[in-house]
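Next comes my_file-v3.cif, with mmCIF, C-alpha atoms and all ligand atoms.
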```
data_data
loop_
_atom_site.label_atom_id
_atom_site.label_comp_id
_atom_site.auth_asym_id
_atom_site.auth_seq_id
_atom_site.Cartn_x
_atom_site.Cartn_y
_atom_site.Cartn_z
CA MET C 15 109.62 85.56 97.50
CA GLN C 16 106.79 86.65 95.23
CA THR C 17 103.01 86.30 95.25
CA ILE C 18 101.53 83.31 93.39
CA ARG C 19 100.52 84.01 89.77
CA GLY C 20 97.09 85.67 89.67
CA PHE C 21 97.28 86.64 93.35
CA ARG C 22 98.22 90.17 94.34
CA ASP C 23 98.70 92.62 97.17
CA ILE C 24 96.37 95.56 97.29
CA LEU C 25 98.73 98.25 98.48
CA PRO C 26 97.82 101.08 100.88
CA LYS C 27 97.77 103.68 98.08
CA HIS C 28 94.85 101.83 96.45
CA ILE C 29 92.91 101.21 99.66
CA PRO C 30 91.05 104.55 99.89
CA LEU C 31 88.96 103.60 96.84
CA TRP C 32 88.24 100.12 98.22
CA GLN C 33 87.14 101.66 101.51
CA LYS C 34 85.02 104.26 99.74
CA VAL C 35 83.18 101.49 97.88
CA GLU C 36 82.77 99.38 101.03
CA LYS C 37 81.28 102.35 102.90
CA GLU C 38 78.87 103.17 100.08
CA VAL C 39 77.84 99.51 99.65
CA THR C 40 77.16 99.03 103.36
CA HIS C 41 75.18 102.25 103.57
CA LEU C 42 73.11 101.69 100.43
CA PHE C 43 72.50 97.94 100.78
CA GLU C 44 71.41 98.36 104.40
CA ALA C 45 68.99 101.08 103.26
CA PHE C 46 67.54 98.53 100.83
CA GLY C 47 67.05 96.07 103.70
CA PHE C 48 70.04 93.76 103.12
CA LYS C 49 71.78 92.18 106.10
CA GLU C 50 75.44 91.23 106.04
CA ILE C 51 76.30 87.54 106.13
CA ARG C 52 79.81 86.09 106.46
CA ILE C 53 80.38 82.67 104.97
CA PRO C 54 83.44 80.37 105.04
CA ILE C 55 86.13 80.60 102.40
CA LEU C 56 86.38 76.81 102.27
CA GLU C 57 83.41 74.53 101.54
CA LYS C 58 82.82 70.97 100.41
CA THR C 59 83.57 70.67 96.68
CA GLU C 60 80.19 69.06 96.16
CA LEU C 61 78.39 72.28 97.12
CA PHE C 62 79.87 74.16 94.15
CA ALA C 63 79.72 71.21 91.75
CA ARG C 64 75.99 70.82 92.40
CA SER C 65 75.15 74.55 92.39
CA ILE C 66 77.29 75.97 89.61
CA GLY C 67 77.05 72.75 87.55
CA GLU C 68 79.50 69.90 86.89
CA VAL C 69 79.82 70.84 83.21
CA THR C 70 80.86 74.49 83.54
CA ASP C 71 84.25 76.17 83.13
CA ILE C 72 84.34 77.07 86.82
CA VAL C 73 83.80 73.51 88.08
CA GLU C 74 85.65 71.68 85.33
CA LYS C 75 88.82 73.71 85.31
CA GLU C 76 88.92 76.74 87.57
CA MET C 77 88.33 75.62 91.14
CA TYR C 78 91.08 75.32 93.74
CA THR C 79 90.19 71.89 95.03
CA PHE C 80 92.20 69.65 97.33
CA GLU C 81 91.82 66.82 99.78
CA ASP C 82 92.50 67.65 103.39
CA ARG C 83 94.35 65.31 105.73
CA LYS C 84 91.25 63.17 106.23
CA GLY C 85 90.60 62.89 102.51
CA ASP C 86 87.62 65.29 102.45
CA LYS C 87 87.33 67.06 99.10
CA LEU C 88 87.32 70.80 99.72
CA THR C 89 87.25 73.89 97.50
CA LEU C 90 88.18 77.54 97.95
CA ARG C 91 84.93 79.33 97.17
CA PRO C 92 84.73 80.50 93.53
CA GLU C 93 81.55 82.51 94.28
CA ALA C 94 79.18 83.26 97.16
CA THR C 95 75.68 82.26 96.03
CA ALA C 96 76.06 78.54 96.71
CA SER C 97 77.35 79.14 100.24
CA ILE C 98 74.61 81.64 101.05
CA VAL C 99 71.97 79.18 99.90
CA ARG C 100 73.66 76.42 101.92
CA SER C 101 73.58 78.69 104.98
CA TYR C 102 69.89 79.56 104.42
CA ILE C 103 69.05 75.85 104.36
CA GLN C 104 71.46 74.74 107.10
CA HIS C 105 70.09 77.26 109.60
CA LYS C 106 66.49 76.69 108.47
CA MET C 107 66.11 80.44 107.96
CA TYR C 108 63.08 79.80 105.76
CA ALA C 109 61.16 78.44 108.76
CA ILE C 110 61.23 81.76 110.61
CA ASP C 111 60.99 84.08 107.63
CA PRO C 112 61.44 82.79 104.09
CA VAL C 113 62.15 86.26 102.74
CA ARG C 114 65.79 87.14 103.33
CA LYS C 115 68.13 89.71 101.86
CA PHE C 116 71.84 89.08 102.29
CA TYR C 117 75.02 90.79 101.22
CA MET C 118 78.67 89.94 101.64
CA ILE C 119 82.04 91.26 100.52
CA GLY C 120 85.07 89.02 100.27
CA PRO C 121 87.64 87.09 98.25
CA MET C 122 86.79 84.40 95.69
CA PHE C 123 89.17 82.02 93.92
CA ARG C 124 89.17 80.86 90.31
CA ARG C 125 92.16 79.45 88.46
CA GLU C 126 91.66 81.44 85.27
CA ARG C 127 94.37 82.80 82.98
CA PRO C 128 95.39 86.04 84.67
CA GLN C 129 95.12 89.27 82.69
CA LYS C 130 93.93 92.83 83.22
CA GLY C 131 90.76 92.66 85.34
CA ARG C 132 91.11 88.91 85.84
CA TYR C 133 92.79 87.43 88.88
CA ARG C 134 92.91 84.07 90.59
CA GLN C 135 92.04 85.67 93.90
CA PHE C 136 89.52 88.43 93.32
CA TYR C 137 86.88 90.11 95.42
CA GLN C 138 83.14 90.18 95.02
CA ILE C 139 80.39 92.31 96.47
CA ASP C 140 77.47 89.91 96.50
CA ALA C 141 73.76 90.46 97.17
CA GLU C 142 71.00 87.84 97.27
CA ILE C 143 67.25 87.97 97.86
CA LEU C 144 65.61 84.67 98.77
CA GLY C 145 61.90 83.94 98.94
CA VAL C 146 60.42 86.38 96.40
CA GLU C 147 59.25 85.44 92.91
CA SER C 148 57.96 88.87 91.86
CA ALA C 149 59.62 90.53 88.87
CA TYR C 150 59.79 93.76 90.87
CA VAL C 151 62.63 92.22 92.83
CA ASP C 152 64.57 91.66 89.59
CA SER C 153 64.10 95.33 88.70
CA GLU C 154 64.94 96.37 92.24
CA LEU C 155 68.34 94.65 92.09
CA ILE C 156 69.21 96.23 88.75
CA PHE C 157 68.03 99.58 90.12
CA LEU C 158 70.22 99.07 93.20
CA LEU C 159 73.29 98.36 91.06
CA ASN C 160 72.55 101.41 88.97
CA GLU C 161 72.23 103.59 92.07
CA LEU C 162 75.47 102.27 93.55
CA PHE C 163 77.41 102.94 90.36
CA LYS C 164 75.87 106.41 90.12
CA ARG C 165 76.92 107.23 93.68
CA LEU C 166 80.44 106.02 92.94
CA GLY C 167 80.59 108.32 89.93
CA LEU C 168 80.92 105.53 87.36
CA THR C 169 80.11 106.25 83.76
CA GLY C 170 80.16 104.30 80.52
CA LEU C 171 78.38 101.22 81.90
CA SER C 172 75.64 99.32 80.13
CA ALA C 173 73.20 96.78 81.52
CA HIS C 174 72.64 93.71 79.32
CA ILE C 175 69.59 91.70 80.28
CA ASN C 176 68.05 88.46 79.10
CA SER C 177 65.61 85.81 80.25
CA LEU C 178 66.77 82.20 80.41
CA GLY C 179 63.34 80.68 80.94
CA CYS C 180 62.30 78.06 83.46
CA PRO C 181 62.01 74.24 83.62
CA GLU C 182 58.67 74.67 81.83
CA CYS C 183 60.07 76.29 78.68
CA ARG C 184 63.71 75.14 78.78
CA PRO C 185 63.12 71.74 77.12
CA SER C 186 61.64 73.19 73.90
CA PHE C 187 64.52 75.65 73.69
CA GLN C 188 67.09 72.91 74.32
CA LYS C 189 65.56 70.80 71.59
CA ALA C 190 65.83 73.65 69.09
CA LEU C 191 69.35 74.39 70.24
CA LEU C 192 70.48 70.78 69.86
CA ASN C 193 69.03 70.63 66.35
CA PHE C 194 70.90 73.77 65.46
CA ILE C 195 74.17 72.58 67.02
CA GLU C 196 73.88 69.27 65.21
CA SER C 197 73.94 71.17 61.91
CA LYS C 198 77.13 73.08 62.92
CA LYS C 199 78.90 70.13 64.51
CA ASP C 200 81.86 70.11 62.15
CA ARG C 201 82.70 73.74 63.04
CA LEU C 202 82.69 73.33 66.83
CA CYS C 203 85.64 72.80 69.18
CA GLU C 204 86.17 69.53 71.06
CA ASN C 205 84.96 71.03 74.31
CA CYS C 206 81.64 72.07 72.71
CA LEU C 207 81.17 68.63 71.17
CA ARG C 208 81.79 67.01 74.55
CA ARG C 209 79.21 69.31 76.14
CA MET C 210 76.52 68.63 73.54
CA ASP C 211 74.88 65.86 75.50
CA LYS C 212 75.70 67.03 78.95
CA ASN C 213 75.02 70.77 78.89
CA PRO C 214 74.22 72.29 75.48
CA LEU C 215 73.47 75.76 76.92
CA ARG C 216 77.16 76.09 77.79
CA ILE C 217 78.08 75.78 74.12
CA ILE C 218 76.54 79.18 73.38
CA ASP C 219 78.92 80.62 75.95
CA CYS C 220 82.07 79.18 74.28
CA LYS C 221 84.73 81.90 73.92
CA ILE C 222 86.53 80.33 70.91
CA ALA C 223 86.16 82.55 67.83
CA GLY C 224 85.29 79.69 65.43
CA CYS C 225 82.51 78.45 67.70
CA ARG C 226 81.16 81.95 68.24
CA LYS C 227 80.93 82.43 64.50
CA ALA C 228 79.24 79.09 63.94
CA LEU C 229 76.76 79.82 66.70
CA ALA C 230 75.95 83.40 65.73
CA ASP C 231 72.39 82.52 64.68
CA ALA C 232 71.75 79.92 67.37
CA PRO C 233 68.23 79.88 68.84
CA ALA C 234 67.78 82.14 71.87
CA THR C 235 65.95 81.34 75.11
CA LEU C 236 64.00 84.56 74.69
CA ASP C 237 62.19 83.12 71.65
CA TYR C 238 61.03 80.07 73.57
CA LEU C 239 59.73 81.59 76.81
CA CYS C 240 56.47 80.26 78.26
CA ASN C 241 53.77 82.82 79.06
CA ASP C 242 54.71 83.12 82.72
CA CYS C 243 58.37 83.75 81.91
CA SER C 244 57.43 86.17 79.19
CA ASP C 245 55.13 88.16 81.51
CA HIS C 246 57.78 88.13 84.18
CA PHE C 247 60.41 89.52 81.80
CA ASN C 248 58.01 92.18 80.50
CA ILE C 249 57.43 93.50 84.02
CA VAL C 250 61.19 93.71 84.59
CA LYS C 251 61.64 95.69 81.38
CA THR C 252 58.71 98.08 81.81
CA THR C 253 59.62 98.76 85.44
CA LEU C 254 63.18 99.66 84.48
CA GLU C 255 61.94 101.82 81.62
CA LYS C 256 59.63 103.72 83.98
CA GLN C 257 62.55 104.29 86.33
CA GLY C 258 64.63 105.65 83.49
CA ILE C 259 67.26 102.91 83.69
CA ASP C 260 68.92 102.13 80.37
CA PHE C 261 69.35 98.51 79.40
CA ILE C 262 69.99 96.41 76.33
CA VAL C 263 68.10 93.16 75.78
CA ASP C 264 70.87 90.74 74.89
CA LYS C 265 69.53 87.42 73.59
CA SER C 266 72.98 85.87 73.60
CA LEU C 267 73.67 86.44 77.30
CA VAL C 268 73.63 83.05 79.05
CA ARG C 269 76.04 83.53 82.03
CA GLY C 270 78.61 80.93 83.05
CA LEU C 271 76.79 79.24 85.91
CA ASP C 272 74.07 76.62 85.55
CA TYR C 273 71.67 77.64 88.31
CA TYR C 274 70.07 80.55 86.47
CA THR C 275 66.39 80.74 85.52
CA ARG C 276 64.47 83.66 84.05
CA THR C 277 66.13 87.09 84.36
CA ALA C 278 69.91 87.21 83.97
CA TRP C 279 72.06 90.28 83.47
CA GLU C 280 75.53 91.71 83.25
CA ILE C 281 76.79 95.24 83.70
CA GLN C 282 79.50 95.85 81.14
CA THR C 283 82.20 98.45 80.76
CA THR C 284 84.40 99.46 77.88
CA TYR C 285 87.31 100.32 80.18
CA LEU C 286 88.68 96.85 80.87
CA GLY C 287 89.32 95.37 77.47
CA ALA C 288 88.24 91.73 77.26
CA GLN C 289 87.08 91.58 80.87
CA SER C 290 84.02 93.71 80.26
CA ALA C 291 81.67 92.46 82.98
CA VAL C 292 81.80 94.53 86.15
CA ALA C 293 78.82 92.71 87.65
CA GLY C 294 76.59 89.78 86.83
CA GLY C 295 73.53 88.22 88.31
CA GLY C 296 70.20 86.60 87.83
CA ARG C 297 67.38 84.51 89.17
CA TYR C 298 67.94 80.98 90.41
CA ASP C 299 64.49 79.75 91.41
CA GLY C 300 65.48 76.08 91.57
CA LEU C 301 68.71 76.16 93.59
CA VAL C 302 67.39 76.15 97.16
CA LYS C 303 65.34 73.02 96.41
CA GLU C 304 68.22 71.44 94.48
CA LEU C 305 70.43 71.80 97.58
CA GLY C 306 67.84 70.21 99.88
CA GLY C 307 65.70 73.14 101.02
CA PRO C 308 62.04 73.92 100.30
CA GLN C 309 61.07 75.34 96.88
CA THR C 310 62.20 78.98 97.23
CA PRO C 311 62.54 81.52 94.44
CA ALA C 312 65.77 83.52 94.63
CA ILE C 313 67.83 86.11 92.81
CA GLY C 314 71.09 87.94 93.25
CA PHE C 315 74.17 89.49 91.74
CA ALA C 316 77.88 89.86 92.33
CA ILE C 317 80.04 92.85 91.50
CA GLY C 318 83.69 92.24 90.62
CA PHE C 319 85.25 94.51 93.24
CA ASP C 320 88.72 94.56 91.61
CA ARG C 321 87.21 95.50 88.25
CA LEU C 322 84.99 98.14 89.84
CA VAL C 323 88.02 99.78 91.46
CA GLU C 324 89.97 99.61 88.19
CA VAL C 325 87.18 101.38 86.34
CA MET C 326 86.98 103.98 89.10
CA GLU C 327 90.73 104.56 88.93
CA GLN C 328 90.42 105.24 85.22
CA THR C 329 87.32 107.41 85.37
CA ASN C 330 87.50 109.28 88.72
CA LYS C 331 90.80 111.02 88.42
CA THR C 332 90.47 112.59 91.86
CA SER C 333 92.36 110.17 94.04
CA GLU C 334 92.20 110.92 97.73
CA ALA C 335 95.35 112.73 98.90
CA LEU C 336 97.19 111.32 101.85
CA SER C 337 96.23 113.36 104.88
CA LEU C 338 97.40 113.72 108.38
CA ASP C 339 96.10 116.08 111.05
CA LEU C 340 99.30 116.62 112.96
CA PHE C 341 102.97 115.82 112.64
CA ILE C 342 105.04 116.08 115.81
CA ILE C 343 108.64 117.17 115.53
CA SER C 344 110.46 116.35 118.74
CA LEU C 345 114.08 117.45 118.92
CA GLY C 346 116.16 115.85 121.69
CA ASP C 347 115.50 113.04 124.18
CA ALA C 348 113.26 114.95 126.59
CA ALA C 349 111.06 116.25 123.77
CA MET C 350 110.94 112.80 122.22
CA GLU C 351 109.50 111.31 125.39
CA LYS C 352 106.90 114.07 125.67
CA GLY C 353 106.10 113.74 121.98
CA TYR C 354 105.51 110.01 122.35
CA HIS C 355 102.86 110.56 125.05
CA TRP C 356 101.21 113.44 123.18
CA SER C 357 100.99 111.35 120.03
CA CYS C 358 99.32 108.42 121.82
CA GLU C 359 96.83 110.71 123.54
CA LEU C 360 95.95 112.48 120.31
CA ASN C 361 95.52 109.19 118.43
CA GLN C 362 93.18 108.10 121.22
CA ALA C 363 91.16 111.26 120.60
CA ASP C 364 90.89 110.37 116.88
CA ILE C 365 93.40 112.98 115.75
CA ARG C 366 95.53 111.52 112.95
CA THR C 367 98.94 112.17 114.45
CA GLU C 368 102.40 110.94 113.59
CA ILE C 369 105.76 111.40 115.23
CA ASP C 370 109.17 110.51 113.85
CA PHE C 371 111.46 108.80 116.36
CA ARG C 372 114.54 108.58 114.16
CA GLY C 373 116.25 111.68 115.56
CA LYS C 374 116.37 113.53 112.24
CA SER C 375 116.99 117.26 111.80
CA LEU C 376 114.25 119.91 111.87
CA LYS C 377 114.72 120.50 108.15
CA SER C 378 114.29 116.88 107.14
CA LEU C 379 111.32 116.44 109.49
CA MET C 380 109.58 119.50 107.97
CA LYS C 381 110.07 117.87 104.58
CA ARG C 382 108.49 114.67 105.87
CA ALA C 383 105.53 116.60 107.33
CA ASN C 384 104.93 118.03 103.88
CA LYS C 385 105.22 114.64 102.23
CA LEU C 386 102.64 113.17 104.60
CA GLY C 387 100.25 116.04 103.89
CA ALA C 388 100.15 117.18 107.55
CA GLN C 389 97.70 120.00 108.25
CA TYR C 390 99.60 121.07 111.38
CA VAL C 391 103.09 120.57 112.71
CA LEU C 392 103.96 120.68 116.39
CA ILE C 393 107.55 121.65 117.09
CA ALA C 394 109.09 120.77 120.45
CA GLY C 395 112.82 121.25 121.05
CA GLU C 396 114.87 121.83 124.24
CA ASN C 397 114.09 125.58 124.19
CA GLU C 398 110.36 125.15 123.70
CA LEU C 399 110.23 122.80 126.69
CA VAL C 400 112.21 125.18 128.94
CA GLU C 401 110.08 128.15 127.92
CA ASN C 402 106.86 126.12 128.11
CA ALA C 403 105.91 127.37 124.63
CA ILE C 404 105.39 124.56 122.16
CA VAL C 405 105.05 125.80 118.59
CA LEU C 406 102.05 124.82 116.48
CA ARG C 407 102.34 125.68 112.80
CA ASN C 408 99.39 125.68 110.43
CA MET C 409 100.87 124.29 107.22
CA ASN C 410 98.30 125.95 104.98
CA THR C 411 98.32 129.48 106.38
CA LYS C 412 101.90 129.26 107.78
CA GLU C 413 100.61 130.89 110.99
CA GLN C 414 102.26 129.84 114.25
CA VAL C 415 100.99 129.90 117.83
CA SER C 416 102.67 128.93 121.10
CA LEU C 417 100.92 126.54 123.44
CA ALA C 418 101.58 125.74 127.11
CA ILE C 419 102.38 122.11 127.95
CA GLU C 420 99.71 121.78 130.70
CA THR C 421 96.86 122.55 128.33
CA LEU C 422 98.52 121.33 125.13
CA ILE C 423 96.30 118.31 124.37
CA PRO C 424 92.87 119.97 124.87
CA GLU C 425 94.09 123.04 122.96
CA LEU C 426 95.31 120.90 120.06
CA ILE C 427 92.07 118.95 119.93
CA LYS C 428 90.10 122.20 119.93
CA ILE C 429 92.13 123.74 117.12
CA ILE C 430 92.39 120.63 114.93
CA LYS C 431 88.77 119.52 115.24
CA LYS C 432 87.52 123.04 114.41
P1 LIG B 501 80.03 85.77 87.91
O1 LIG B 501 79.54 86.40 86.66
O2 LIG B 501 80.76 84.50 87.78
O3 LIG B 501 78.76 85.58 88.84
O4 LIG B 501 80.93 86.79 88.69
C1 LIG B 501 80.46 88.08 89.00
C2 LIG B 501 81.52 89.12 88.72
O5 LIG B 501 82.73 88.77 89.40
C3 LIG B 501 81.92 89.22 87.27
O6 LIG B 501 81.04 90.02 86.53
C4 LIG B 501 83.30 89.87 87.39
O7 LIG B 501 83.17 91.28 87.52
C5 LIG B 501 83.83 89.30 88.68
N1 LIG B 501 84.82 88.24 88.39
C6 LIG B 501 84.56 86.95 88.04
N2 LIG B 501 85.72 86.28 87.85
C7 LIG B 501 86.71 87.15 88.07
C8 LIG B 501 88.15 87.09 88.05
N3 LIG B 501 88.78 85.95 87.77
N4 LIG B 501 88.86 88.20 88.32
C9 LIG B 501 88.23 89.36 88.62
N5 LIG B 501 86.89 89.49 88.69
C10 LIG B 501 86.14 88.41 88.42
C11 LIG B 501 78.79 85.02 90.07
O8 LIG B 501 79.80 84.78 90.69
C12 LIG B 501 77.42 84.79 90.65
N6 LIG B 501 77.59 84.14 91.97
C13 LIG B 501 76.64 86.08 90.75
C14 LIG B 501 75.29 85.88 91.35
C15 LIG B 501 74.90 86.14 92.60
N7 LIG B 501 74.25 85.37 90.71
C16 LIG B 501 73.21 85.30 91.54
N8 LIG B 501 73.62 85.75 92.72
#
```
Represent the structure from my file as structure tokens, please.
Amino acid sequence: MQTIRGFRDILPKHIPLWQKVEKEVTHLFEAFGFKEIRIPILEKTELFARSIGEVTDIVEKEMYTFEDRKGDKLTLRPEATASIVRSYIQHKMYAIDPVRKFYMIGPMFRRERPQKGRYRQFYQIDAEILGVESAYVDSELIFLLNELFKRLGLTGLSAHINSLGCPECRPSFQKALLNFIESKKDRLCENCLRRMDKNPLRIIDCKIAGCRKALADAPATLDYLCNDCSDHFNIVKTTLEKQGIDFIVDKSLVRGLDYYTRTAWEIQTTYLGAQSAVAGGGRYDGLVKELGGPQTPAIGFAIGFDRLVEVMEQTNKTSEALSLDLFIISLGDAAMEKGYHWSCELNQADIRTEIDFRGKSLKSLMKRANKLGAQYVLIAGENELVENAIVLRNMNTKEQVSLAIETLIPELIKIIKK
């Protein structure tokens, strides 16, 4: 039996990096005032169709959607923003305090063509701030991402930012865009032509080379911003400049989800070939209302956790070595029984201890202790038990001491925790 295409096991040897990121994210995000939220993996299909947009790649062709036994249409979450907004509205969080900062880490599902950095089950680290319109919040989120990546030792990343405007300025941009597209119609793919009436903004995001070429000089939202959107974007830029955060204004960045307004951004890397976005985010000031809540400005981002780890594996060469505090070598039945109890007690005291119950020879067990990276080895055979002198060997210094059975556990804890 094999995993499904695009799904994968993350094996123990890769986990230390995942755990390192999780620890850093929890620590840093909590310092920035974010609270963890856990949302379901399965939601009504309608939630994603309405949030992400009916005429988007995700909703049209990438969602894992099925009918359950009662005929309800359900979808494995392709992203977290829609669910977090649903939760904010469902629990009337806005009534107690409209300003909320959430984060979550977990699996998402999109049926894309699998390749390096692109999976059908992948993980996101997601952060959302609801209830604040100020441009400082936009800068704050980009600053936060920058700080996280710095702490994780990531290099070679670049932040691409753009403003997508608001319902005020969108129509004049769309009109210009449609005029432009009309003139390039004969060079566009069928999918783009189909989307012309329904969602012209998506056409700029088409990945087909011919369309990209034809649309190279397409109008950009940035040239059609109303004064409020323009001021908003200027504050984001000047704030980041003052904080010394590098960014590139990228007029062509439109993102693949429909809910965005104003600031949108992506953090890109050169390490992952075609899958260059390690994180993406933006403002979505209309979504809470669209899903039935009160008008609430909002903004957030998601980091592709798998991609982040892949970049880290390529750039931070120092992978954490396997480590074990103590390896117990018990030779013979009586020593094995003692060893079993010692091991449990030491594990209880947070000492990383292992014992091998397979009855192997001293030589092969010493080899195993080395392989596991044990700092100390405890050797208990028939003689050691009779003489009440259990041998503790420091694997680095090769020094050995003898310990009495009655005081063995406290002595070991004292020595190992030193
Ligand atoms: P997104 O750009 O669709 O945004 O996804 C965010 C990140 O998830 C991407 O930059 C990428 O690193 C990672 N990602 C996406 N698809 C895959 C895949 N198939 N395999 C591996 N990694 C992938 C969102 O999902 C928005 N909800 C972000 C957001 C939050 N906007 C506002 N709040």
Please measure the separation of CA of Asp245 (chain C) and CA of Leu191 (chain C), giving the value in Å to one decimal. 22.8 Å
Which residues sit within 7 Å of ligand LIG 501 (chain B), counting all atoms listed in the file, listed as a PyMOL selection string? chain C and resi 93-95+124+126+131-138+140-142+269-271+280+291-298+313-321
Please compute the CA of Val113 (chain C)-CA of Gly145 (chain C) distance, one decimal, in Å.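 Distance reported for this atom pair: 4.5 Å.
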List as number ranges by chain: which residues have an atom within 7 Å of (64.6, 83.7, 82.2), counting all atoms listed in the file? C: 176-180, 243, 275-278
Env of Glu38 (chain C): 8 Å cut, atoms = only C-alpha atoms, seq-sep filter 3 positions within chain, self excluded. Answer as a count of residues only. 7
